[in-house]
file final07.txt (compact mmCIF, C-alpha atoms and all ligand atoms)
# COMPACT_ATOMS: atom_id res chain seq x y z
CA MET S 69 22.09 143.02 100.78
CA ILE S 70 21.45 146.36 102.52
CA PRO S 71 20.22 148.91 99.96
CA MET S 72 21.42 152.48 100.35
CA VAL S 73 18.44 154.77 99.79
CA ASP S 74 18.59 158.38 100.92
CA ASP S 75 15.84 160.63 102.32
CA HIS S 76 14.96 161.72 98.78
CA GLY S 77 14.36 158.16 97.56
CA ARG S 78 17.60 157.98 95.60
CA ARG S 79 19.02 154.46 95.63
CA MET S 80 22.76 154.10 95.08
CA ARG S 81 23.34 151.63 92.22
CA LYS S 82 26.40 152.78 90.34
CA LEU S 83 30.05 153.04 91.26
CA ARG S 84 32.72 155.00 89.41
CA LEU S 85 36.02 153.39 90.30
CA SER S 86 39.20 155.38 89.75
CA LEU S 87 42.37 153.29 89.34
CA LEU S 88 44.85 156.21 89.31
CA ASP S 89 45.10 159.91 88.51
CA THR S 90 47.89 159.61 85.91
CA CYS S 91 47.17 160.31 82.23
CA ASN S 92 48.92 160.17 78.87
CA LEU S 93 46.91 163.10 77.45
CA ARG S 94 46.67 166.65 78.75
CA CYS S 95 43.16 167.73 77.75
CA THR S 96 43.17 171.48 78.27
CA TYR S 97 39.94 171.42 80.32
CA CYS S 98 41.20 168.65 82.60
CA MET S 99 44.87 169.19 83.42
CA PRO S 100 47.86 171.48 82.72
CA GLU S 101 50.91 170.31 80.76
CA LYS S 102 53.14 170.03 83.83
CA MET S 103 51.68 167.53 86.24
CA GLU S 104 52.58 165.84 89.46
CA PHE S 105 50.54 162.72 89.98
CA LEU S 106 50.01 160.76 93.17
CA PRO S 107 52.95 158.55 94.17
CA SER S 108 52.01 154.93 93.51
CA ASP S 109 52.23 154.01 97.21
CA GLN S 110 49.28 156.30 97.89
CA LEU S 111 47.05 154.47 95.41
CA LEU S 112 44.75 151.73 96.64
CA SER S 113 46.39 148.37 95.94
CA GLN S 114 44.74 145.86 93.61
CA GLN S 115 43.54 143.89 96.67
CA GLU S 116 42.13 147.01 98.30
CA ILE S 117 40.26 147.97 95.11
CA LEU S 118 38.70 144.53 94.77
CA GLY S 119 37.96 144.25 98.50
CA ILE S 120 36.26 147.66 98.73
CA THR S 121 34.24 146.98 95.57
CA GLU S 122 33.11 143.60 96.90
CA ASN S 123 32.02 145.20 100.17
CA LEU S 124 30.10 147.91 98.31
CA LEU S 125 28.22 145.29 96.27
CA GLY S 126 26.73 144.17 99.60
CA PHE S 127 25.07 147.59 99.85
CA GLY S 128 23.21 147.44 96.57
CA LEU S 129 25.79 148.82 94.15
CA GLN S 130 25.28 146.90 90.91
CA GLU S 131 27.13 148.64 88.10
CA VAL S 132 30.81 149.50 88.14
CA ARG S 133 32.58 151.77 85.66
CA VAL S 134 36.36 151.83 85.82
CA THR S 135 37.95 155.23 85.19
CA GLY S 136 40.75 157.57 86.29
CA GLY S 137 42.96 159.47 85.16
CA GLU S 138 43.56 157.00 82.37
CA PRO S 139 42.70 153.57 83.81
CA THR S 140 44.60 151.57 81.16
CA LEU S 141 47.86 153.07 82.47
CA ARG S 142 47.55 151.24 85.77
CA ARG S 143 50.18 148.48 85.83
CA GLU S 144 47.68 145.96 87.22
CA PHE S 145 44.89 147.11 84.85
CA MET S 146 44.16 143.66 83.38
CA ASP S 147 44.42 141.90 86.75
CA ILE S 148 41.98 144.38 88.26
CA MET S 149 39.53 143.94 85.35
CA VAL S 150 39.76 140.15 85.69
CA GLY S 151 39.28 140.43 89.47
CA LEU S 152 36.24 142.68 89.06
CA SER S 153 34.78 140.16 86.61
CA GLN S 154 34.84 137.54 89.35
CA LEU S 155 32.62 139.70 91.56
CA PRO S 156 28.81 139.68 91.19
CA ILE S 157 28.71 142.99 89.28
CA LYS S 158 25.66 143.35 87.01
CA ARG S 159 27.37 145.54 84.48
CA LEU S 160 31.05 146.35 84.17
CA GLY S 161 32.11 149.38 82.12
CA LEU S 162 35.27 151.27 81.27
CA THR S 163 35.84 154.94 80.48
CA THR S 164 39.08 155.55 78.60
CA ASN S 165 40.76 157.99 76.26
CA GLY S 166 41.45 155.01 73.97
CA ILE S 167 45.18 155.68 73.50
CA THR S 168 46.42 152.36 74.90
CA LEU S 169 43.17 150.44 74.52
CA SER S 170 44.12 148.31 71.50
CA LYS S 171 46.73 146.26 73.33
CA TYR S 172 44.17 145.13 75.93
CA LEU S 173 41.05 144.58 73.82
CA GLU S 174 41.51 140.89 72.97
CA ASP S 175 42.26 140.03 76.61
CA LEU S 176 39.38 142.15 77.85
CA LYS S 177 37.08 140.28 75.50
CA HIS S 178 38.25 136.82 76.49
CA ASP S 179 39.13 137.17 80.17
CA THR S 180 36.66 139.71 81.57
CA ASP S 181 32.95 140.54 81.75
CA LEU S 182 33.49 144.03 80.35
CA LYS S 183 30.48 145.04 78.27
CA SER S 184 30.59 148.75 77.72
CA ILE S 185 33.48 151.00 76.74
CA ASN S 186 33.09 154.78 76.70
CA ILE S 187 35.85 156.38 74.70
CA SER S 188 36.48 160.09 75.11
CA LEU S 189 37.07 161.85 71.82
CA ASP S 190 36.63 165.60 71.47
CA SER S 191 37.75 165.95 67.85
CA LEU S 192 37.75 163.94 64.63
CA ASP S 193 40.36 166.23 63.14
CA PRO S 194 43.91 165.11 64.09
CA ASP S 195 45.17 168.73 64.31
CA ASN S 196 42.31 169.83 66.51
CA PHE S 197 42.66 166.67 68.60
CA LYS S 198 46.29 167.67 69.18
CA ARG S 199 45.28 171.21 70.18
CA ILE S 200 42.74 169.91 72.70
CA THR S 201 44.77 167.05 74.17
CA ARG S 202 48.27 168.49 73.59
CA ARG S 203 49.28 165.13 72.08
CA ASP S 204 49.43 164.01 68.44
CA LEU S 205 47.70 160.68 69.01
CA PHE S 206 44.37 160.80 67.19
CA GLN S 207 45.09 157.71 65.07
CA ARG S 208 45.62 155.55 68.16
CA VAL S 209 42.19 156.46 69.51
CA PHE S 210 40.56 155.88 66.13
CA LYS S 211 42.16 152.42 65.93
CA GLY S 212 40.91 151.62 69.44
CA ILE S 213 37.35 152.62 68.54
CA VAL S 214 37.24 150.47 65.40
CA GLN S 215 38.79 147.44 67.12
CA ALA S 216 36.48 147.69 70.13
CA GLN S 217 33.48 147.82 67.78
CA ASP S 218 34.77 144.84 65.79
CA LEU S 219 35.13 142.80 68.96
CA GLY S 220 31.49 143.44 69.84
CA PHE S 221 31.88 145.80 72.81
CA GLU S 222 29.13 148.38 73.32
CA VAL S 223 31.10 151.49 72.41
CA LYS S 224 30.04 155.07 73.06
CA LEU S 225 32.02 158.17 72.25
CA ASN S 226 32.04 161.03 74.76
CA CYS S 227 32.66 164.45 73.24
CA VAL S 228 32.85 167.55 75.44
CA LEU S 229 31.45 170.37 73.31
CA MET S 230 33.28 173.68 73.49
CA LYS S 231 32.47 176.84 71.58
CA GLY S 232 35.21 177.95 69.25
CA VAL S 233 37.12 174.74 69.98
CA ASN S 234 35.16 171.83 68.49
CA ASP S 235 31.56 173.02 67.97
CA HIS S 236 32.26 173.24 64.22
CA GLU S 237 32.65 169.45 64.27
CA ILE S 238 29.15 168.56 65.51
CA HIS S 239 28.00 167.45 62.07
CA ASP S 240 31.20 165.44 61.50
CA PHE S 241 30.49 163.56 64.72
CA ILE S 242 26.95 162.86 63.52
CA GLU S 243 28.20 161.49 60.20
CA PHE S 244 30.77 159.43 62.10
CA SER S 245 28.04 157.99 64.33
CA ALA S 246 26.00 156.93 61.29
CA GLN S 247 28.99 155.54 59.39
CA TYR S 248 30.51 153.55 62.26
CA GLN S 249 27.22 152.78 64.03
CA VAL S 250 28.51 154.17 67.30
CA GLU S 251 26.57 156.32 69.76
CA VAL S 252 28.08 159.77 70.24
CA ARG S 253 27.30 161.63 73.45
CA PHE S 254 27.80 165.36 73.61
CA LEU S 255 28.78 166.55 77.09
CA GLU S 256 28.41 170.03 78.45
CA LEU S 257 31.67 171.40 79.85
CA MET S 258 31.27 171.27 83.63
CA LYS S 259 32.53 173.90 86.05
CA ILE S 260 35.22 171.64 87.36
CA GLY S 261 38.85 172.65 88.04
CA GLN S 262 40.70 173.81 84.89
CA ALA S 263 37.50 174.07 82.90
CA ASN S 264 36.24 176.79 85.21
CA ARG S 265 39.40 178.88 85.00
CA GLY S 266 40.95 181.04 82.27
CA SER S 267 39.66 181.25 78.73
CA LEU S 268 37.82 177.92 78.76
CA LYS S 269 35.19 179.53 80.98
CA ASP S 270 33.84 181.23 77.84
CA SER S 271 33.75 178.00 75.81
CA PHE S 272 30.66 176.58 77.47
CA MET S 273 28.03 175.40 74.99
CA GLU S 274 24.56 174.49 76.13
CA ALA S 275 23.17 171.15 74.94
CA ASP S 276 20.00 172.85 73.63
CA GLU S 277 22.07 175.07 71.36
CA ALA S 278 23.81 172.02 69.89
CA ALA S 279 20.45 170.22 69.53
CA ASN S 280 19.02 173.19 67.61
CA GLN S 281 21.95 173.13 65.20
CA ILE S 282 21.40 169.41 64.66
CA LEU S 283 17.64 169.88 64.17
CA SER S 284 18.35 172.29 61.33
CA ARG S 285 19.74 169.36 59.32
CA TYR S 286 18.21 166.14 60.67
CA GLU S 287 14.99 164.86 62.12
CA MET S 288 15.46 163.70 65.71
CA SER S 289 13.34 161.09 67.45
CA SER S 290 13.90 160.51 71.15
CA LEU S 291 14.93 157.07 72.44
CA PRO S 292 14.13 155.60 75.87
CA VAL S 293 16.78 155.74 78.61
CA ALA S 294 16.95 154.38 82.19
CA MET S 295 15.38 156.51 84.97
CA ASP S 296 18.80 157.26 86.49
CA SER S 297 20.58 157.80 83.19
CA THR S 298 22.66 160.95 82.94
CA SER S 299 22.00 161.30 79.22
CA TYR S 300 19.01 161.67 76.93
CA LYS S 301 19.19 160.08 73.52
CA TYR S 302 18.00 160.51 69.94
CA LYS S 303 18.00 158.61 66.69
CA LEU S 304 18.62 160.91 63.73
CA SER S 305 17.27 160.67 60.20
CA ASN S 306 20.72 159.71 58.83
CA GLY S 307 20.89 156.70 61.20
CA ALA S 308 23.12 158.33 63.83
CA VAL S 309 22.42 157.77 67.53
CA ILE S 310 23.38 160.69 69.74
CA GLY S 311 23.01 161.58 73.40
CA PHE S 312 23.41 164.70 75.48
CA ILE S 313 24.81 164.90 78.99
CA ALA S 314 23.63 168.33 80.04
CA SER S 315 25.11 168.38 83.53
CA GLU S 316 25.09 172.18 83.68
CA SER S 317 21.82 173.20 82.01
CA LYS S 318 19.71 170.18 83.03
CA PRO S 319 21.32 168.66 86.13
CA PHE S 320 20.13 165.16 87.05
CA CYS S 321 20.85 165.35 90.80
CA GLY S 322 17.27 164.35 91.71
CA SER S 323 17.74 160.89 90.19
CA CYS S 324 21.50 160.45 90.68
CA SER S 325 22.46 156.93 91.79
CA ARG S 326 26.27 157.29 91.69
CA TRP S 327 29.07 157.09 94.16
CA ARG S 328 32.71 157.60 93.23
CA LEU S 329 35.75 155.91 94.71
CA SER S 330 38.95 157.93 94.28
CA ALA S 331 42.28 156.26 93.56
CA GLU S 332 43.26 156.85 97.21
CA GLY S 333 40.15 155.26 98.68
CA GLN S 334 37.86 158.19 99.35
CA LEU S 335 34.23 157.44 98.51
CA ARG S 336 32.28 160.52 97.43
CA ALA S 337 28.57 161.04 97.18
CA CYS S 338 28.85 163.66 94.43
CA LEU S 339 31.26 164.73 91.70
CA MET S 340 30.90 168.34 92.85
CA LYS S 341 31.76 167.77 96.54
CA GLU S 342 35.31 167.47 97.85
CA ASP S 343 34.39 165.65 101.03
CA GLY S 344 33.49 162.00 101.36
CA VAL S 345 34.32 159.03 103.56
CA ASN S 346 37.59 157.15 103.61
CA LEU S 347 37.23 153.40 102.97
CA ARG S 348 40.90 152.45 103.10
CA GLY S 349 41.53 150.04 105.94
CA VAL S 350 37.91 150.14 107.11
CA SER S 351 36.64 146.84 108.48
CA PRO S 352 33.54 145.37 106.76
CA SER S 353 31.56 145.75 110.01
CA ASP S 354 32.09 149.54 109.90
CA TYR S 355 30.93 149.94 106.29
CA GLU S 356 27.26 150.47 107.02
CA SER S 357 27.79 153.43 109.35
CA ARG S 358 30.30 155.03 106.94
CA LEU S 359 27.96 154.59 103.99
CA ARG S 360 24.98 155.99 105.89
CA GLU S 361 27.12 159.02 106.74
CA LEU S 362 27.90 159.38 103.02
CA LEU S 363 24.23 159.09 102.03
CA GLY S 364 23.56 162.21 104.08
CA MET S 365 26.33 164.06 102.19
CA LYS S 366 24.67 163.70 98.79
CA PRO S 367 23.35 167.11 97.79
CA ILE S 368 19.84 167.26 96.39
CA GLY S 369 20.54 170.26 94.16
CA ARG S 370 23.40 171.00 91.85
CA ILE S 371 26.51 172.49 93.47
CA GLU S 372 27.75 175.22 91.15
CA LYS S 373 31.45 174.45 90.84
CA ILE S 374 34.42 172.60 92.28
CA GLU S 375 38.11 173.51 92.34
CA GLN S 376 39.42 169.95 91.98
CA ASP S 377 39.84 168.54 88.47
CA MET S 378 37.96 165.53 87.12
CA TYR S 379 41.11 163.36 86.91
CA GLN S 380 41.55 163.75 90.70
CA ILE S 381 38.01 162.71 91.48
CA GLY S 382 37.53 159.93 88.93
CA GLY S 383 35.51 161.00 85.89
N1 LIG L 1 40.95 159.49 80.93
C1 LIG L 1 39.70 158.86 80.71
C2 LIG L 1 38.92 159.55 79.62
O1 LIG L 1 39.28 160.65 79.25
O2 LIG L 1 37.96 158.96 79.16
C3 LIG L 1 38.85 158.74 81.95
C4 LIG L 1 38.84 159.90 82.90
S1 LIG L 1 38.22 161.42 82.24
C5 LIG L 1 38.40 162.50 83.62
C6 LIG L 1 36.49 161.04 82.10
C7 LIG L 1 35.66 161.97 81.29
O3 LIG L 1 35.56 163.21 81.97
C8 LIG L 1 36.16 162.30 79.90
O4 LIG L 1 35.15 161.97 78.95
C9 LIG L 1 36.38 163.78 79.93
O5 LIG L 1 36.12 164.38 78.70
C10 LIG L 1 35.40 164.21 81.00
N2 LIG L 1 35.69 165.49 81.60
C11 LIG L 1 36.81 165.90 82.24
N3 LIG L 1 36.67 167.17 82.68
C12 LIG L 1 35.42 167.58 82.30
C13 LIG L 1 34.67 168.78 82.46
N4 LIG L 1 35.15 169.84 83.08
N5 LIG L 1 33.40 168.82 81.95
C14 LIG L 1 32.87 167.74 81.31
N6 LIG L 1 33.54 166.58 81.14
C15 LIG L 1 34.80 166.51 81.62
FE1 LIG L 2 43.35 162.46 80.67
FE2 LIG L 2 40.76 161.87 80.53
FE3 LIG L 2 41.62 164.14 81.72
FE4 LIG L 2 41.84 163.94 79.10
S1 LIG L 2 39.92 163.92 80.27
S2 LIG L 2 43.46 164.65 80.49
S3 LIG L 2 42.25 161.81 78.82
S4 LIG L 2 42.00 162.10 82.41
call {"tool": "encode", "arguments": {"input": "final07.txt", "output": "structure tokens", "more": "lines below"}}
Ligand code: SAM
Ligand code: SF4
result
Amino acid sequence: MIPMVDDHGRRMRKLRLSLLDTCNLRCTYCMPEKMEFLPSDQLLSQQEILGITENLLGFGLQEVRVTGGEPTLRREFMDIMVGLSQLPIKRLGLTTNGITLSKYLEDLKHDTDLKSINISLDSLDPDNFKRITRRDLFQRVFKGIVQAQDLGFEVKLNCVLMKGVNDHEIHDFIEFSAQYQVEVRFLELMKIGQANRGSLKDSFMEADEAANQILSRYEMSSLPVAMDSTSYKYKLSNGAVIGFIASESKPFCGSCSRWRLSAEGQLRACLMKEDGVNLRGVSPSDYESRLRELLGMKPIGRIEKIEQDMYQIGG
């Protein structure tokens, strides 16, 4: 194994793997209603995805989180998850909006090594969920959360906090966390694509402001997290476990250990940088030089914004 450590001592350990850019929701901060997604012949094939991932494991990547777009919409989703489970990955995770999760959960439990499922949910109120995602599908996500918990997956909810949009639901999320024993992570809205244009620009809510609101009702004790974790975590006096991903106000670039593979095969060193290296069709003997080139592309400080949307990069 050849570890990839950059000049700042950051070792690359985690891979975000995008299966496609298509989605069945239209979260206002992520994509417009009218969308044109990549034609399927431009996507990496199942074999290419598994082959590239296997090669990357040889360079010290240990944890893989499958994402998109909405990864469960990929036709070969289960085959890819089964294939990934046959590779020596230390921890396999999935990030999903939960809409079509239920139909896969039993198979994921029995046929794959999937441990952790992060489900994105920005509202517990079906009407507000519909306003944010432009789809009336809250109940499907809720069902997915409960079933995933029942099957013993480690489930976390990801909620992007937005002022005037869902900040009035913070306490509902905390009660939900305590009642369903599920960790809820509050994300700051990042200056990415749609989210940095139009009226959403004014919806940014800093993690500290949310934490202060929470402190006015609950005691918070901090919980340990891994050195290269993007979130910091608390246990609350009502039993809830919450985290904050404060990518804007407290960027974690100095300890970032992530690379991201786009659905077309571009490996990026940073969510906020459009350039990267292409791995499609690259022979295993050329990987090391490509990856060393990429190491040098990883910024040490936070880049302010990016025009591309998260679904295009692999969130
Ligand atoms: N469709 C899947 C989902 O929603 O979980 C996976 C892809 S989605 C792009 C991954 C995560 O990125 C979601 O939790 C979403 O809320 C988050 N996200 C997208 N745009 C964002 C932004 N501008 N700031 C913060 N989080 C964002
Ligand atoms: Fe789809 Fe996820 Fe983007 Fe929402 S955040 S539109 S669910 S890709």
call {"tool": "closest_atom_pairs", "arguments": {"input": "final07.txt", "of": "chain S", "to": "ligand LIG 2 (chain L)", "cutoff": "9 Å", "atoms": "only C-alpha atoms and all ligand atoms", "output": "Markdown table"}}
result
| residue | atom | partner | partner_atom | distance |
| --- | --- | --- | --- | --- |
| S:Asp89 | CA | L:LIG2 | S4 | 7.2 |
| S:Thr90 | CA | L:LIG2 | S4 | 7.3 |
| S:Cys91 | CA | L:LIG2 | FE1 | 4.7 |
| S:Asn92 | CA | L:LIG2 | FE1 | 6.3 |
| S:Leu93 | CA | L:LIG2 | FE1 | 4.8 |
| S:Arg94 | CA | L:LIG2 | S2 | 4.2 |
| S:Cys95 | CA | L:LIG2 | S2 | 4.1 |
| S:Thr96 | CA | L:LIG2 | S2 | 7.2 |
| S:Tyr97 | CA | L:LIG2 | S1 | 7.5 |
| S:Cys98 | CA | L:LIG2 | FE3 | 4.6 |
| S:Met99 | CA | L:LIG2 | S2 | 5.6 |
| S:Pro100 | CA | L:LIG2 | S2 | 8.4 |
| S:Thr135 | CA | L:LIG2 | S4 | 8.4 |
| S:Gly136 | CA | L:LIG2 | S4 | 6.1 |
| S:Gly137 | CA | L:LIG2 | S4 | 3.9 |
| S:Glu138 | CA | L:LIG2 | S4 | 5.3 |
| S:Pro139 | CA | L:LIG2 | S4 | 8.7 |
| S:Thr163 | CA | L:LIG2 | FE2 | 8.5 |
| S:Thr164 | CA | L:LIG2 | FE2 | 6.8 |
| S:Asn165 | CA | L:LIG2 | S3 | 4.8 |
| S:Gly166 | CA | L:LIG2 | S3 | 8.4 |
| S:Ile167 | CA | L:LIG2 | S3 | 8.6 |
| S:Ser188 | CA | L:LIG2 | S3 | 7.1 |
| S:Leu189 | CA | L:LIG2 | S3 | 8.7 |
| S:Ile200 | CA | L:LIG2 | FE4 | 8.8 |
| S:Thr201 | CA | L:LIG2 | FE4 | 6.5 |
| S:Asp377 | CA | L:LIG2 | FE3 | 8.3 |
| S:Met378 | CA | L:LIG2 | FE3 | 6.7 |
| S:Tyr379 | CA | L:LIG2 | S4 | 4.8 |
| S:Gln380 | CA | L:LIG2 | S4 | 8.5 |
| S:Gly382 | CA | L:LIG2 | S4 | 8.2 |
| S:Gly383 | CA | L:LIG2 | S4 | 7.4 |
call {"tool": "axis_aligned_box", "arguments": {"input": "final07.txt", "around": "ligand LIG 1 (chain L)", "padding_each_side": "6 Å", "output": "JSON"}}
result
{"center_x": 36.9, "center_y": 164.3, "center_z": 81.2, "size_x": 20.1, "size_y": 23.1, "size_z": 16.9}
call {"tool": "residues_around", "arguments": {"input": "final07.txt", "residues": "Phe127 of chain S", "least_positions_apart": "4", "cutoff": "7 Å", "atoms": "all atoms listed in the file", "output": "number ranges by chain"}}
result
S: 69-72
call {"tool": "closest_residue", "arguments": {"input": "final07.txt", "among": "S:Glu144, S:Glu287, S:Glu361, S:Glu174", "to": "Asp74 of chain S", "atoms": "all atoms listed in the file"}}
result
S:Glu361
call {"tool": "residues_around", "arguments": {"input": "final07.txt", "residues": "Lys224 of chain S", "least_positions_apart": "3", "cutoff": "7 Å", "atoms": "only C-alpha atoms", "output": "ChimeraX atom specification"}}
result
/S:185-187,250-252
call {"tool": "closest_residue", "arguments": {"input": "final07.txt", "among": "S:Leu329, S:Met288, S:Leu335, S:Leu229", "to": "ligand LIG 1 (chain L)", "atoms": "only C-alpha atoms and all ligand atoms"}}
result
S:Leu229
call {"tool": "residues_around", "arguments": {"input": "final07.txt", "residues": "Ile310 of chain S", "least_positions_apart": "2", "cutoff": "9 Å", "atoms": "all atoms listed in the file", "output": "number ranges by chain"}}
result
S: 242, 245, 250-254, 300-304, 308, 312
call {"tool": "atom_distance", "arguments": {"input": "final07.txt", "atom1": "atom CA of Arg360 of chain S", "atom2": "atom CA of Ala294 of chain S"}}
result
25.1 Å
call {"tool": "residues_around", "arguments": {"input": "final07.txt", "residues": "Ile374 of chain S", "least_positions_apart": "4", "cutoff": "7 Å", "atoms": "only C-alpha atoms", "output": "ChimeraX atom specification"}}
result
/S:259-261,340-341
call {"tool": "atom_distance", "arguments": {"input": "final07.txt", "atom1": "atom CA of Ile238 of chain S", "atom2": "atom CA of Glu375 of chain S"}}
result
28.7 Å
call {"tool": "atom_distance", "arguments": {"input": "final07.txt", "atom1": "atom CA of Glu342 of chain S", "atom2": "atom CA of Ser330 of chain S"}}
result
10.8 Å
call {"tool": "closest_residue", "arguments": {"input": "final07.txt", "among": "S:Ile368, S:Leu255, S:Leu125, S:Leu362", "to": "ligand LIG 1 (chain L)", "atoms": "only C-alpha atoms and all ligand atoms"}}
result
S:Leu255
call {"tool": "closest_residue", "arguments": {"input": "final07.txt", "among": "S:Gly161, S:Pro156, S:Gly128, S:Pro292", "to": "ligand LIG 1 (chain L)", "atoms": "all atoms listed in the file"}}
result
S:Gly161
call {"tool": "decode", "arguments": {"input": "final07.txt", "residues": "segment 306-313 of chain S", "atoms": "all heavy atoms", "output": "short mmCIF file (atom, residue, chain, number, x, y, z; two decimals), in the first residue's frame"}}
result
data_model
loop_
_atom_site.label_atom_id
_atom_site.label_comp_id
_atom_site.auth_asym_id
_atom_site.auth_seq_id
_atom_site.Cartn_x
_atom_site.Cartn_y
_atom_site.Cartn_z
N ASN S 306 -31.94 15.91 26.96
CA ASN S 306 -33.16 15.09 26.71
C ASN S 306 -32.80 13.76 26.06
O ASN S 306 -33.69 13.02 25.64
CB ASN S 306 -34.15 15.86 25.82
CG ASN S 306 -33.65 15.99 24.39
OD1 ASN S 306 -32.46 15.90 24.14
ND2 ASN S 306 -34.57 16.20 23.47
N GLY S 307 -31.50 13.47 25.89
CA GLY S 307 -31.09 12.18 25.30
C GLY S 307 -30.75 12.27 23.83
O GLY S 307 -30.25 11.30 23.25
N ALA S 308 -31.01 13.43 23.20
CA ALA S 308 -30.70 13.57 21.77
C ALA S 308 -29.19 13.59 21.56
O ALA S 308 -28.43 14.02 22.43
CB ALA S 308 -31.30 14.87 21.25
N VAL S 309 -28.76 13.10 20.38
CA VAL S 309 -27.37 13.27 19.97
C VAL S 309 -27.38 14.10 18.69
O VAL S 309 -28.06 13.75 17.72
CB VAL S 309 -26.69 11.90 19.71
CG1 VAL S 309 -25.29 12.10 19.14
CG2 VAL S 309 -26.60 11.10 21.00
N ILE S 310 -26.66 15.22 18.74
CA ILE S 310 -26.64 16.09 17.57
C ILE S 310 -25.20 16.40 17.16
O ILE S 310 -24.28 16.29 17.97
CB ILE S 310 -27.39 17.42 17.81
CG1 ILE S 310 -26.74 18.21 18.95
CG2 ILE S 310 -28.87 17.18 18.07
CD1 ILE S 310 -27.15 19.67 18.94
N GLY S 311 -25.04 16.77 15.90
CA GLY S 311 -23.73 17.17 15.41
C GLY S 311 -23.89 18.43 14.58
O GLY S 311 -25.00 18.79 14.17
N PHE S 312 -22.77 19.11 14.37
CA PHE S 312 -22.77 20.28 13.50
C PHE S 312 -21.69 20.08 12.45
O PHE S 312 -20.58 19.65 12.77
CB PHE S 312 -22.45 21.56 14.28
CG PHE S 312 -23.52 21.95 15.24
CD1 PHE S 312 -23.42 21.64 16.59
CD2 PHE S 312 -24.65 22.64 14.79
CE1 PHE S 312 -24.41 21.99 17.48
CE2 PHE S 312 -25.66 23.00 15.68
CZ PHE S 312 -25.54 22.67 17.03
N ILE S 313 -22.03 20.37 11.20
CA ILE S 313 -21.01 20.41 10.15
C ILE S 313 -20.95 21.87 9.71
O ILE S 313 -21.80 22.35 8.94
CB ILE S 313 -21.35 19.46 8.99
CG1 ILE S 313 -21.53 18.03 9.54
CG2 ILE S 313 -20.24 19.49 7.94
CD1 ILE S 313 -21.72 16.95 8.50
#
